[in-house]
$ cat input_36.txt   # compact mmCIF, C-alpha atoms
# COMPACT_ATOMS: atom_id res chain seq x y z
CA MET D 1 19.69 13.79 -3.98
CA GLN D 2 20.14 17.38 -5.07
CA HIS D 3 20.11 18.37 -8.73
CA ASN D 4 21.02 21.73 -10.20
CA LYS D 5 19.11 23.26 -13.10
CA SER D 6 21.47 21.95 -15.78
CA GLU D 7 21.16 18.38 -14.43
CA LEU D 8 17.37 18.60 -14.49
CA VAL D 9 17.45 19.90 -18.06
CA ALA D 10 19.76 17.03 -19.02
CA ILE D 11 17.33 14.51 -17.48
CA GLN D 12 14.37 16.03 -19.32
CA GLU D 13 16.28 16.01 -22.60
CA GLU D 14 17.27 12.35 -22.13
CA VAL D 15 13.66 11.38 -21.39
CA THR D 16 12.39 13.27 -24.45
CA ARG D 17 15.05 11.62 -26.60
CA GLU D 18 14.30 8.11 -25.36
CA LEU D 19 10.54 8.53 -25.72
CA SER D 20 10.87 9.87 -29.27
CA ASN D 21 11.07 6.22 -30.34
CA PRO D 22 7.39 5.22 -30.85
CA GLU D 23 8.07 1.55 -30.14
CA MET D 24 9.81 2.34 -26.85
CA PHE D 25 7.08 4.82 -25.92
CA ASN D 26 4.25 2.36 -26.50
CA ALA D 27 6.07 -0.56 -24.90
CA LEU D 28 6.62 1.40 -21.68
CA LEU D 29 3.03 2.66 -21.65
CA VAL D 30 1.57 -0.86 -21.63
CA THR D 31 4.10 -2.46 -19.27
CA THR D 32 6.12 -0.33 -16.86
CA PHE D 33 3.47 2.41 -16.78
CA LYS D 34 0.30 0.42 -17.38
CA GLY D 35 -2.76 2.49 -16.47
CA LEU D 36 -0.99 5.86 -16.59
CA THR D 37 -1.63 8.65 -19.08
CA LYS D 38 1.12 9.62 -21.53
CA ASP D 39 1.80 12.86 -19.62
CA ASN D 40 2.01 11.07 -16.26
CA MET D 41 4.37 8.48 -17.74
CA LYS D 42 6.83 11.18 -18.73
CA LEU D 43 6.51 12.87 -15.34
CA ALA D 44 7.10 9.55 -13.57
CA ILE D 45 10.27 8.86 -15.55
CA VAL D 46 11.69 12.30 -14.80
CA ASP D 47 10.70 11.89 -11.14
CA GLY D 48 12.44 8.51 -10.96
CA MET D 49 15.62 9.75 -12.60
CA ILE D 50 15.74 12.66 -10.18
CA ARG D 51 15.63 10.07 -7.38
CA GLY D 52 18.63 8.28 -8.87
CA PHE D 53 17.11 5.65 -11.16
CA THR D 54 18.17 5.40 -14.80
CA PHE D 55 16.10 5.08 -17.96
CA LYS D 56 17.43 1.53 -18.21
CA ASP D 57 15.81 0.79 -14.84
CA PHE D 58 12.44 1.66 -16.36
CA ARG D 59 13.08 -0.42 -19.47
CA GLU D 60 13.97 -3.43 -17.31
CA ARG D 61 11.10 -2.69 -14.91
CA ASN D 62 13.41 -2.40 -11.92
CA VAL D 63 11.29 0.62 -11.12
CA TYR D 64 7.76 1.17 -12.38
CA ALA D 65 4.63 3.15 -11.58
CA ILE D 66 1.13 2.24 -10.45
CA PRO D 67 -1.84 4.57 -10.96
CA TYR D 68 -3.33 6.44 -8.00
CA GLY D 69 -6.42 8.35 -9.10
CA SER D 70 -5.18 10.91 -11.62
CA ASN D 71 -1.63 10.60 -10.26
CA TYR D 72 0.86 7.74 -9.75
CA SER D 73 3.18 6.11 -7.24
CA LEU D 74 6.70 4.99 -8.13
CA VAL D 75 7.69 1.55 -6.87
CA THR D 76 10.68 -0.75 -7.24
CA SER D 77 10.90 -4.53 -7.40
CA ILE D 78 12.17 -6.40 -4.37
CA ASP D 79 14.76 -8.10 -6.62
CA HIS D 80 16.20 -4.73 -7.61
CA ALA D 81 16.35 -3.64 -3.97
CA ARG D 82 18.19 -6.84 -3.12
CA LYS D 83 20.77 -6.17 -5.85
CA ILE D 84 21.36 -2.66 -4.51
CA GLY D 85 21.69 -4.12 -1.02
CA MET D 86 24.30 -6.64 -2.12
CA LYS D 87 26.33 -3.92 -3.84
CA SER D 88 26.15 -1.94 -0.61
CA GLY D 89 27.46 -4.65 1.69
CA VAL D 90 24.41 -6.75 2.54
CA VAL D 91 25.70 -10.25 3.26
CA GLY D 92 22.55 -12.09 4.23
CA LYS D 93 19.08 -12.11 5.73
CA SER D 94 17.21 -14.26 8.21
CA GLU D 95 14.23 -16.45 7.53
CA PRO D 96 10.99 -14.54 8.10
CA ILE D 97 9.49 -14.98 11.55
CA PHE D 98 5.71 -14.99 11.47
CA GLU D 99 3.49 -14.29 14.44
CA GLU D 100 -0.14 -15.33 14.66
CA LYS D 101 -2.91 -14.22 16.98
CA GLU D 102 -6.24 -15.98 17.32
CA GLY D 103 -5.36 -18.18 14.36
CA LYS D 104 -4.68 -15.24 12.03
CA LEU D 105 -1.42 -13.90 10.61
CA PHE D 106 -0.44 -10.92 12.75
CA SER D 107 3.13 -9.84 11.97
CA CYS D 108 6.41 -10.70 10.27
CA SER D 109 10.01 -9.96 11.27
CA ILE D 110 13.14 -10.15 9.11
CA THR D 111 16.78 -9.36 9.90
CA ILE D 112 19.14 -8.00 7.23
CA LYS D 113 22.89 -8.36 7.80
CA ARG D 114 25.23 -5.73 6.33
CA ARG D 115 28.98 -5.54 6.53
CA VAL D 116 30.24 -2.17 7.76
CA GLY D 117 34.04 -2.15 7.78
CA SER D 118 35.12 -5.20 9.75
CA ASP D 119 31.77 -5.49 11.53
CA ILE D 120 28.47 -7.00 10.47
CA GLY D 121 25.44 -5.08 11.62
CA GLU D 122 21.98 -6.60 12.02
CA PHE D 123 18.91 -4.57 11.06
CA VAL D 124 15.61 -5.97 12.27
CA SER D 125 12.23 -4.98 10.85
CA LYS D 126 8.83 -6.01 12.16
CA VAL D 127 5.67 -5.18 10.19
CA TYR D 128 2.01 -5.88 10.84
CA PHE D 129 -0.22 -7.73 8.41
CA ASP D 130 -3.38 -5.65 8.82
CA GLU D 131 -1.48 -2.44 8.01
CA TYR D 132 -0.60 -3.65 4.51
CA SER D 133 -3.03 -6.36 3.41
CA THR D 134 -5.61 -5.31 0.81
CA GLY D 135 -7.62 -8.45 1.47
CA LYS D 136 -7.45 -9.24 -2.24
CA ASN D 137 -5.45 -11.24 -4.79
CA LEU D 138 -2.07 -12.49 -3.49
CA TRP D 139 -2.76 -11.05 -0.05
CA VAL D 140 -5.39 -13.79 0.21
CA THR D 141 -3.65 -16.66 -1.58
CA LYS D 142 -0.05 -15.96 -0.46
CA PRO D 143 -0.28 -13.73 2.63
CA ARG D 144 3.04 -14.83 4.15
CA THR D 145 4.95 -14.20 0.93
CA MET D 146 3.45 -10.72 0.64
CA ILE D 147 4.05 -9.55 4.20
CA ALA D 148 7.57 -11.05 4.13
CA LYS D 149 8.39 -8.83 1.14
CA VAL D 150 7.24 -5.80 3.10
CA ALA D 151 9.31 -6.76 6.13
CA GLU D 152 12.40 -7.41 4.00
CA MET D 153 12.10 -4.07 2.20
CA HIS D 154 11.78 -2.24 5.51
CA ALA D 155 14.91 -3.98 6.78
CA LEU D 156 16.81 -3.23 3.56
CA ARG D 157 16.01 0.48 3.90
CA MET D 158 17.24 0.39 7.48
CA ALA D 159 20.46 -1.30 6.43
CA CYS D 160 21.04 0.88 3.34
CA PRO D 161 19.39 4.25 4.06
CA GLU D 162 21.40 6.22 1.52
CA GLU D 163 20.89 3.78 -1.34
CA LEU D 164 17.24 2.86 -0.70
CA ALA D 165 15.79 5.82 1.18
CA GLN D 166 13.19 6.56 -1.52
CA ALA D 167 12.62 3.00 -2.74
CA TYR D 168 9.31 1.30 -1.96
CA THR D 169 7.80 -1.92 -3.25
CA GLU D 170 4.25 -2.24 -4.57
CA GLU D 171 3.33 -4.45 -1.62
CA GLU D 172 4.11 -1.58 0.76
CA ILE D 173 1.94 1.05 -0.88
CA GLU D 174 -0.70 -0.99 -2.73
CA ARG D 175 -3.28 -0.38 -0.03
CA GLU D 176 -2.76 3.40 -0.08
CA SER D 177 -2.49 3.60 -3.86
CA LYS D 178 -5.98 2.24 -4.41
CA PRO D 179 -8.55 4.56 -2.84
CA ALA D 180 -11.10 2.55 -0.96
CA THR D 181 -14.62 2.44 -2.34
CA VAL D 182 -16.97 4.35 -0.08
CA VAL D 183 -19.89 2.13 0.85
CA PRO D 184 -23.03 4.26 0.94
CA ASP D 185 -25.48 4.15 3.84
CA ILE D 186 -28.19 2.20 2.00
CA THR D 187 -30.60 2.40 4.93
CA GLU D 188 -30.54 6.20 4.87
CA TYR D 189 -30.99 6.42 1.09
CA LYS D 190 -33.74 3.80 1.13
CA ALA D 191 -35.64 5.86 3.70
CA LYS D 192 -35.38 8.95 1.49
CA LEU D 193 -36.90 7.10 -1.46
CA GLU D 194 -39.68 5.63 0.66
CA ALA D 195 -40.45 9.07 2.11
CA ALA D 196 -41.42 10.41 -1.33
CA THR D 197 -45.16 11.08 -1.63
CA THR D 198 -45.27 12.00 -5.32
CA LEU D 199 -43.54 10.95 -8.50
CA ASP D 200 -41.69 14.27 -8.62
CA GLU D 201 -40.41 13.80 -5.06
CA LEU D 202 -39.26 10.31 -5.97
CA LYS D 203 -37.49 11.67 -9.05
CA ASN D 204 -35.65 14.31 -6.98
CA ALA D 205 -34.70 11.82 -4.27
CA TRP D 206 -33.38 9.38 -6.88
CA ALA D 207 -31.34 12.07 -8.65
CA ALA D 208 -29.59 12.94 -5.38
CA LEU D 209 -28.42 9.36 -4.75
CA PRO D 210 -24.76 8.41 -5.43
CA ALA D 211 -24.13 5.81 -8.13
CA GLU D 212 -23.30 3.08 -5.58
CA ALA D 213 -26.66 3.55 -3.83
CA LYS D 214 -28.57 3.53 -7.13
CA LYS D 215 -27.15 0.10 -7.94
CA GLU D 216 -28.44 -1.26 -4.63
CA LEU D 217 -31.84 0.45 -4.72
CA ALA D 218 -32.82 0.10 -8.38
CA ASP D 219 -35.54 -2.48 -7.61
CA LEU D 220 -37.03 -0.31 -4.88
CA LYS D 221 -37.11 2.68 -7.21
CA GLU D 222 -38.97 0.68 -9.85
CA SER D 223 -41.58 -0.56 -7.39
CA LEU D 224 -42.18 2.95 -6.01
CA LYS D 225 -42.39 4.39 -9.50
CA LYS D 226 -45.05 1.84 -10.46
CA LYS D 227 -46.97 2.67 -7.32
CA PHE D 228 -47.14 6.35 -8.25
CA GLU D 229 -47.94 5.53 -11.89
CA ASN D 230 -50.88 3.37 -10.75
CA GLU D 231 -52.15 6.21 -8.64
CA LEU D 232 -51.80 8.54 -11.68
CA PRO D 233 -52.64 6.34 -14.67
CA ASN D 234 -52.16 9.13 -17.18
CA VAL D 235 -48.67 10.10 -16.05
CA ASN D 236 -46.00 9.94 -18.75
CA GLU D 237 -42.88 7.84 -18.41
CA ASP D 238 -40.28 9.90 -16.53
CA PRO D 239 -36.91 9.64 -18.34
CA ASP D 240 -34.98 10.56 -15.20
CA LEU D 241 -36.32 7.48 -13.43
CA SER D 242 -35.82 5.16 -16.35
CA ALA D 243 -32.04 5.39 -16.11
CA ASN D 244 -30.07 3.67 -13.38
$ encode --input "input_36.txt" --output "structure tokens"
Amino acid sequence: MQHNKSELVAIQEEVTRELSNPEMFNALLVTTFKGLTKDNMKLAIVDGMIRGFTFKDFRERNVYAIPYGSNYSLVTSIDHARKIGMKSGVVGKSEPIFEEKEGKLFSCSITIKRRVGSDIGEFVSKVYFDEYSTGKNLWVTKPRTMIAKVAEMHALRMACPEELAQAYTEEEIERESKPATVVPDITEYKAKLEAATTLDELKNAWAALPAEAKKELADLKESLKKKFENELPNVNEDPDLSAN
């Protein structure tokens, strides 16, 4: 959707006007934009309105934002997407078809039916569980429900490309929106600590470890520190090694 300069100014003015109400501002910040900064909330609203959503959509949480590092991702509810689909000629959908492999959920297919003139077109989407599952929360307790939402949203976008081209549900982008925690190579870091031959070397090796490795190797650090302190009974407590 293209917007000229005057339209963008009008959107920004509307957002500023709506957010001038402290109650509205705070309510949105703890619901629709939970986890976002105040500046990112305003940016997200402007971004959404440029895409075609209204301020009312944000108030009703038809569209909302989830944090992604210092940024955000805009998402819409599946219910809102269904409403748009119905207004655009969607007349039905199939039951989800689940496929399993080796006793595990593998994929899900859904067909959306949309009336185009006198014809009814069928739009089939097939999505794969391991591409979207986070392995947490509802993806564990209700995996079929979650992957079915993804399949349905894909099919709705296929059926209504103009109306839903930039609409994505949280289930589709949740995995990408939460950067994975990097698991440190504990074996490598453990070897570096054990290679220290003096208290100073141990201190330097410890300081170079990432926070995740320090959590895992705190006991080892303490035992090595005591070893060096026993060898040097007059050594003072090292503050750098006292902190985790």
$ residues_near_point --input "input_36.txt" --point "(16.9, -10.8, 5.6)" --cutoff "12 Å" --atoms "all atoms listed in the file" --output "MDAnalysis selection string"
chainID D and resid 78 81:82 85:86 90:97 108:114 121:126 148:159
$ atom_distance --input "input_36.txt" --atom1 "CA of Asp119 in chain D" --atom2 "CA of Ala165 in chain D"
22.1 Å
$ closest_residue --input "input_36.txt" --among "D:Leu138, D:Ala213, D:Ile173, D:Leu199" --to "Phe228 in chain D" --atoms "all atoms listed in the file"
D:Leu199
$ atom_distance --input "input_36.txt" --atom1 "CA of Ala65 in chain D" --atom2 "CA of Gly35 in chain D"
8.9 Å
$ atom_distance --input "input_36.txt" --atom1 "CA of Thr54 in chain D" --atom2 "CA of Glu174 in chain D"
23.3 Å
$ residues_around --input "input_36.txt" --residues "Glu172 in chain D" --least-positions-apart "5" --cutoff "12 Å" --atoms "only C-alpha atoms" --output "PDB file with C-alpha atoms, in the coordinates of the input"
ATOM      1  CA  SER D  73       3.180   6.110  -7.240  1.00  0.00           C
ATOM      2  CA  LEU D  74       6.700   4.990  -8.130  1.00  0.00           C
ATOM      3  CA  VAL D  75       7.690   1.550  -6.870  1.00  0.00           C
ATOM      4  CA  THR D  76      10.680  -0.750  -7.240  1.00  0.00           C
ATOM      5  CA  SER D  77      10.900  -4.530  -7.400  1.00  0.00           C
ATOM      6  CA  ILE D  78      12.170  -6.400  -4.370  1.00  0.00           C
ATOM      7  CA  VAL D 127       5.670  -5.180  10.190  1.00  0.00           C
ATOM      8  CA  TYR D 128       2.010  -5.880  10.840  1.00  0.00           C
ATOM      9  CA  PHE D 129      -0.220  -7.730   8.410  1.00  0.00           C
ATOM     10  CA  ASP D 130      -3.380  -5.650   8.820  1.00  0.00           C
ATOM     11  CA  GLU D 131      -1.480  -2.440   8.010  1.00  0.00           C
ATOM     12  CA  TYR D 132      -0.600  -3.650   4.510  1.00  0.00           C
ATOM     13  CA  SER D 133      -3.030  -6.360   3.410  1.00  0.00           C
ATOM     14  CA  THR D 134      -5.610  -5.310   0.810  1.00  0.00           C
ATOM     15  CA  TRP D 139      -2.760 -11.050  -0.050  1.00  0.00           C
ATOM     16  CA  MET D 146       3.450 -10.720   0.640  1.00  0.00           C
ATOM     17  CA  ILE D 147       4.050  -9.550   4.200  1.00  0.00           C
ATOM     18  CA  ALA D 148       7.570 -11.050   4.130  1.00  0.00           C
ATOM     19  CA  LYS D 149       8.390  -8.830   1.140  1.00  0.00           C
ATOM     20  CA  VAL D 150       7.240  -5.800   3.100  1.00  0.00           C
ATOM     21  CA  ALA D 151       9.310  -6.760   6.130  1.00  0.00           C
ATOM     22  CA  GLU D 152      12.400  -7.410   4.000  1.00  0.00           C
ATOM     23  CA  MET D 153      12.100  -4.070   2.200  1.00  0.00           C
ATOM     24  CA  HIS D 154      11.780  -2.240   5.510  1.00  0.00           C
ATOM     25  CA  ALA D 167      12.620   3.000  -2.740  1.00  0.00           C
ATOM     26  CA  SER D 177      -2.490   3.600  -3.860  1.00  0.00           C
ATOM     27  CA  LYS D 178      -5.980   2.240  -4.410  1.00  0.00           C
TER      28      LYS D 178
END
$ closest_residue --input "input_36.txt" --among "D:Met41, D:Leu36, D:Asp200, D:Phe53" --to "Leu19 in chain D" --atoms "only C-alpha atoms"
D:Met41
$ closest_residue --input "input_36.txt" --among "D:Glu100, D:Ile45, D:Ala208, D:Arg59" --to "Glu23 in chain D" --atoms "only C-alpha atoms"
D:Arg59
$ residues_around --input "input_36.txt" --residues "Phe58 in chain D" --least-positions-apart "5" --cutoff "7 Å" --atoms "only C-alpha atoms" --output "list in words"
Thr32, Val63 and Tyr64 of chain D
$ write_last_selection --input "input_36.txt" --atoms "C-alpha atoms" --output "PDB file, in the frame of the given file"
ATOM      1  CA  THR D  32       6.120  -0.330 -16.860  1.00  0.00           C
ATOM      2  CA  VAL D  63      11.290   0.620 -11.120  1.00  0.00           C
ATOM      3  CA  TYR D  64       7.760   1.170 -12.380  1.00  0.00           C
TER       4      TYR D  64
END
$ closest_residue --input "input_36.txt" --among "D:Ala205, D:Gln12, D:Ala196, D:Lys136" --to "Lys227 in chain D" --atoms "all atoms listed in the file"
D:Ala196
$ closest_residue --input "input_36.txt" --among "D:Glu194, D:Ala207, D:Glu171, D:Val15" --to "Asn137 in chain D" --atoms "all atoms listed in the file"
D:Glu171
$ residues_around --input "input_36.txt" --residues "Leu224 in chain D" --least-positions-apart "4" --cutoff "12 Å" --atoms "only C-alpha atoms" --output "VMD selection string"
chain D and resid 190 192 to 203 205 to 206 217 to 220 228 to 231 241
$ closest_residue --input "input_36.txt" --among "D:Ile186, D:Leu209, D:Ile11, D:Ile84" --to "Leu164 in chain D" --atoms "all atoms listed in the file"
D:Ile84
$ axis_aligned_box --input "input_36.txt" --around "range 149-155 of chain D" --padding-each-side "4 Å" --output "lines of an AutoDock Vina configuration file"
center_x = 11.1
center_y = -5.5
center_z = 4.0
size_x = 15.7
size_y = 14.6
size_z = 13.6
